[in-house]
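What follows is a set of notes on a single structure, which appears directly below.
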Amino acid sequence: MMYRIFFCIIFIGLVGPKAHTQLPVTELWMLELNGVDQVKNVKYLSDFNPDSYNNQAVFINDLEIAMTAELDKGNTDIVLMNLQNNSWKRLTKTLENEYSPRIAGRDFITTVRVEQDEKSQVLWEYPINGKDSGEKVLEDYVNIGYYHPLSNFKMALFVLEKTNNLQVINVRNQRIEFVTKNIGRCFQVNKAGELIFIQKGSDSMLKSFNPVNKRVETITSALPGSEDFVLYGDTEQILMAKGAKIFKYNPTAASFILLWDLSAYGLKDITRMDYRNGKLLLINKP
């Protein structure tokens, strides 16, 4: 197993469906924003793959995006998009299904890959230049749903078990640390290095985990009916979506307030989001 340095990015993930599962039609949109929470422009970005599965989009940098797309029926691969010239290219074309791309260092993309047994879900990495067929990152872990780097050598894992556990792995020595159970699919890491996640229950809660002192603390109740969120802007405010509306958490009032209603643009059901420097990626179920 080869280890590379990982850098933290915003991540919105998915437990990989098996190859025979019918994937829903999903669309990629992007909001261009100004500094006062106003929408300057709304762009539909998945016209290269209409009426198909386009999901889990994340920024590589200000001008490039990595995403999951079903370009061939019943099979998902990783696609790279350039926002400047509206071009796209396929990074992977495998018999296996790849999901949940994210940048690893400067030159690699990591993904959760569903192997041909349609059961094993393994973390892989591929060079962004597409010059080789990639390799496994964590050789011995075959039940990874989602993941997020915490430091140069630690990574948070959503481990697929009966209770869907949050665990932290030291990729140098492969040691695993159990954190908590019954977690949601979305991870974010703030500037302080804390992992933000949702713990599911009768009242799902947004929580933080400090990988230094190992403390788990409650932030607030999650927006009912939503399990995806993103850290937004320089102050890292929490955004959650429900239907065509996006809400922002107001810590003073300890409640979510409506930020944008995007129904006029044709959006209906916003799920995963990613933010970078005034741009917000949205996945919509039409």
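In the structure tokens, chains take the letters A, B, ... in the order shown, each chain's residues start at 1, and ligands count up from 1 in the order shown.
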
| field | Residue contacts of Ile198 of chain A (7 Å, only C-alpha atoms) excluding same-chain residues fewer than 6 positions away, as a PyMOL selection string | value | chain A and resi 183-184+204-207

| said: When you look at Val39 of chain A with a cut-off of 10 Å (counting only C-alpha atoms), what residues show up, excluding the ones that are within fewer than 6 positions of it in the same chain? I need them as JSON, numbers by chain. | reply: {"A": [31, 32, 33, 260, 262, 278, 279, 280]}

Those residues you just picked out, can you put them in a file as a tab-separated table (two decimals), in the first residue's frame with C-alpha atoms?
chain	number	residue	atom	x	y	z
A	31	LEU	CA	-24.26	29.53	-7.87
A	32	GLU	CA	-21.91	32.47	-8.29
A	33	LEU	CA	-22.26	34.69	-5.23
A	260	TRP	CA	-32.23	31.54	-0.93
A	262	LEU	CA	-34.05	28.68	-5.95
A	278	GLY	CA	-17.77	32.64	-3.90
A	279	LYS	CA	-18.98	29.59	-5.80
A	280	LEU	CA	-21.45	27.00	-4.51

Each residue of segment 42-115 of chain A lying at most 9 Å from segment 139-162 of chain A should get a row with its shortest atom-to-atom pair and the distance in Å to one decimal, counting only C-alpha atoms; could you produce that, ordered by chain and increasing number, as a tab-separated table?
residue	atom	partner	partner_atom	distance
A:Ser100	CA	A:Tyr146	CA	7.2
A:Arg102	CA	A:His148	CA	8.8
A:Ala104	CA	A:Pro149	CA	8.9
A:Val112	CA	A:Ile144	CA	7.1
A:Val114	CA	A:Val142	CA	8.9

| message | Would you pick out the contacts of segment 21-26 of chain A at 9 Å or less, using only C-alpha atoms, so that residues sharing its chain but fewer than 6 positions from it are not included, and give the list as a list in words? | response | Ser46, Pro50, Asp51, Ser52, Tyr53, Asn54, Asn55, Glu70, Gly74, Ile283, Asn284, Lys285 and Pro286 of chain A

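If you measure from each of A:Trp88, A:Tyr99, A:Phe178, A:Phe247 to Asn75 of chain A using only C-alpha atoms, the closest one turns out to be A:Tyr99.
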
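Separating atom CA of Thr111 of chain A from atom CA of Ile65 of chain A is a distance of 13.9 Å.
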
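Between atom CA of Asn277 of chain A and atom CA of Leu28 of chain A the separation is 17.8 Å.
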
| field | Contacts of segment 116-127 of chain A at 7 Å (only C-alpha atoms; same-chain gap of 6+ positions) as an MDAnalysis selection string | value | chainID A and resid 18:19 96 107:110 133:138 141:145

| Near Tyr44 of chain A, counting only C-alpha atoms, which residues have an atom at most 8 Å away, once you skip same-chain residues fewer than 2 positions from it, shown as a ChimeraX atom specification? | /A:27-30,42,46-47
